[in-house]
Amino acid sequence: MTQESQEHLSWLDKPFLASFLQREHRNQVTIDKFSIAPAVAAGNNYMSYLYRVRVEYTVAESDLKVTSLIIKIPITKGVITEMSNDGTDLYDKEPRFYCELLPKINKIFNCEFGPKSYNCPIKNGMILTDLIADGYITCDKYKLLDYSHCKCVISTLAKFHASSVVCFHDNPELIKEIGEEQFFTAENETVSLWLNCCMKSVWKVLCEMEGQEQAANLYYSKIDHVTEIYADLCKPKTDALNVLNHGDLWVNNILFKHSDSGEVKDAKFIDFQTLRWGSPVSDLLYFIWTSANEEVREHRQTELYSLYRQTLNSSLEQLGCLERLSDHELEDQLRAASDFVLLVIGGTLPYMMCDADEVVNTEDLSAEDFKTGKCDEVLAKLFNSRRFKAALPKIMEQFQIWVSSK
């Protein structure tokens, strides 16, 4: 275990694990041994420390048992922690979601949308079941998802969204509190500086690419409006359907279970730190443009949007809700949110696509660095990474074709 792990997990010892497992088994537990390792590689998570804990133990006089847990601890410094608005604790909503809301959502549809959570002694820390130990896997973030995997995600997402509508009817204040936007508001200067830096960085990369003049001009035209674009999308609609969006639905936050023949059987979601009560197109567009492969983005987006709408409406009907999402409403919202896709491409893909040696440690960046321009040089390696630069021309071509079809 690294020195960093020791600092964050000093409370995690045999007595704690024994008491924790005894509550689960309701019997005497003896810990034989346990080990701690990073749960994800560098570049796969920017907002928390994630560890996998493997525990070998016995219950009463039984044979040796093995379990695996995920420990999630918030980072405590850097620009991410400075992005919360008006001093809001940006890390408190996810533990609350797991404890108060996810069990209700699961019960509504008799479906487990994410891992089970247990009490953690660290403020805003979490102890979660390890879905990988249950046969779920993550897919390659560089290869992205084919149509069969995307279909499974979209169907699961529609049911998750429908369940959140039921929860809103039962307890609107809980949904509003957990789904309140904390990052992307018009008043949040730190987020505005970050988004502007990202958009300028993509513009510079496109300017250096042959044949990308139109795409570069498009990005440049949006630089001064990025905060308003994001803030507008993140506001709940007053005259349309709202749902609880996952907020960060990309390939690394989705785990799949497959049959013996390799067919996709199920999908579960993790990392609910940026939940948002608002238009469902937020999750839809974010997922498509971060996680669907080229073939899906180019030829099968419309099918996925139709599948989402049909599954959402049938789920709402099944759950006794009167709300529906019409084809016209969905198309209007997708069209209105097209600029949001530019922010997804410029503000998230460079972070998602970088290799381990290109990762930027956000704990080493502050809001002041974005004001002084220091961030430009630090983030340059992300936006000039091999994978992002190779993917960018095709993504921009597909985006412009998609927009022109609206």
# chains A, B, ... in the order shown; residues from 1 in each chain; ligands from 1

$ closest_atom_pairs --of "region 130-198 of chain A" --to "region 271-281 of chain A" --cutoff "9 Å" --atoms "only C-alpha atoms" --output "tab-separated table"
residue	atom	partner	partner_atom	distance
A:Ala158	CA	A:Pro280	CA	8.9
A:His161	CA	A:Pro280	CA	7.7
A:Ile175	CA	A:Trp277	CA	7.3
A:Lys176	CA	A:Trp277	CA	6.6
A:Ile178	CA	A:Leu275	CA	6.9
A:Gly179	CA	A:Arg276	CA	4.2
A:Glu180	CA	A:Arg276	CA	5.9
A:Glu181	CA	A:Arg276	CA	5.7
A:Gln182	CA	A:Thr274	CA	7.9
A:Phe183	CA	A:Thr274	CA	8.2

$ write_last_selection --atoms "N, CA and C atoms" --output "tab-separated table (two decimals), in the first residue's frame"
chain	number	residue	atom	x	y	z
A	158	ALA	N	-33.13	4.72	-19.47
A	158	ALA	CA	-34.54	5.12	-19.56
A	158	ALA	C	-35.31	4.65	-18.33
A	161	HIS	N	-34.24	6.79	-15.34
A	161	HIS	CA	-34.89	8.09	-15.42
A	161	HIS	C	-36.36	8.00	-15.04
A	175	ILE	N	-35.39	14.80	-4.27
A	175	ILE	CA	-34.87	14.77	-5.64
A	175	ILE	C	-34.22	16.11	-5.99
A	176	LYS	N	-34.87	17.20	-5.64
A	176	LYS	CA	-34.34	18.53	-5.95
A	176	LYS	C	-33.01	18.77	-5.24
A	178	ILE	N	-30.81	16.42	-4.06
A	178	ILE	CA	-29.75	15.56	-4.59
A	178	ILE	C	-29.44	15.92	-6.04
A	179	GLY	N	-30.44	16.40	-6.79
A	179	GLY	CA	-30.25	16.73	-8.19
A	179	GLY	C	-29.94	18.18	-8.46
A	180	GLU	N	-29.66	18.96	-7.41
A	180	GLU	CA	-29.35	20.37	-7.61
A	180	GLU	C	-27.99	20.51	-8.29
A	181	GLU	N	-27.93	21.33	-9.31
A	181	GLU	CA	-26.67	21.55	-10.02
A	181	GLU	C	-25.68	22.31	-9.13
A	182	GLN	N	-24.46	21.78	-9.00
A	182	GLN	CA	-23.47	22.40	-8.13
A	182	GLN	C	-22.29	22.99	-8.90
A	183	PHE	N	-22.03	22.45	-10.07
A	183	PHE	CA	-20.88	22.92	-10.85
A	183	PHE	C	-21.25	24.04	-11.82

$ residues_around --residues "Ser385 (chain A)" --least-positions-apart "4" --cutoff "12 Å" --atoms "only C-alpha atoms" --output "list in words"
Ser201, Val202, Val205, Leu349, Pro350, Tyr351, Met352, Met353, Cys354, Asp355, Ala356, Asp357, Glu358, Val359, Val360, Leu379, Ala380, Lys381, Lys389, Ala390, Ala391 and Leu392 of chain A

$ atom_distance --atom1 "CA of Asn124 (chain A)" --atom2 "CA of Gln22 (chain A)"
22.6 Å

$ residues_around --residues "Lys265 (chain A)" --least-positions-apart "4" --cutoff "9 Å" --atoms "only C-alpha atoms" --output "PyMOL selection string"
chain A and resi 152+256-259

$ atom_distance --atom1 "CA of Asn27 (chain A)" --atom2 "CA of Val59 (chain A)"
6.5 Å

$ residues_around --residues "Glu56 (chain A)" --least-positions-apart "2" --cutoff "12 Å" --atoms "only C-alpha atoms" --output "MDAnalysis selection string"
chainID A and resid 14 17:18 21 29:35 53:54 58:59 63:69

$ residues_around --residues "Leu145 (chain A)" --least-positions-apart "3" --cutoff "10 Å" --atoms "only C-alpha atoms" --output "ChimeraX atom specification"
/A:139-142,148-151,153,250-251,288,290-296

$ residues_around --residues "Gly373 (chain A)" --least-positions-apart "5" --cutoff "10 Å" --atoms "only C-alpha atoms" --output "PyMOL selection string"
chain A and resi 193+197+368+378

$ select_by_dssp --residues "region 222-254 of chain A" --states "alpha helix (DSSP H)" --output "list in words"
Lys222, Val226, Thr227, Glu228, Ile229, Tyr230, Ala231, Asp232, Leu233 and Cys234 of chain A
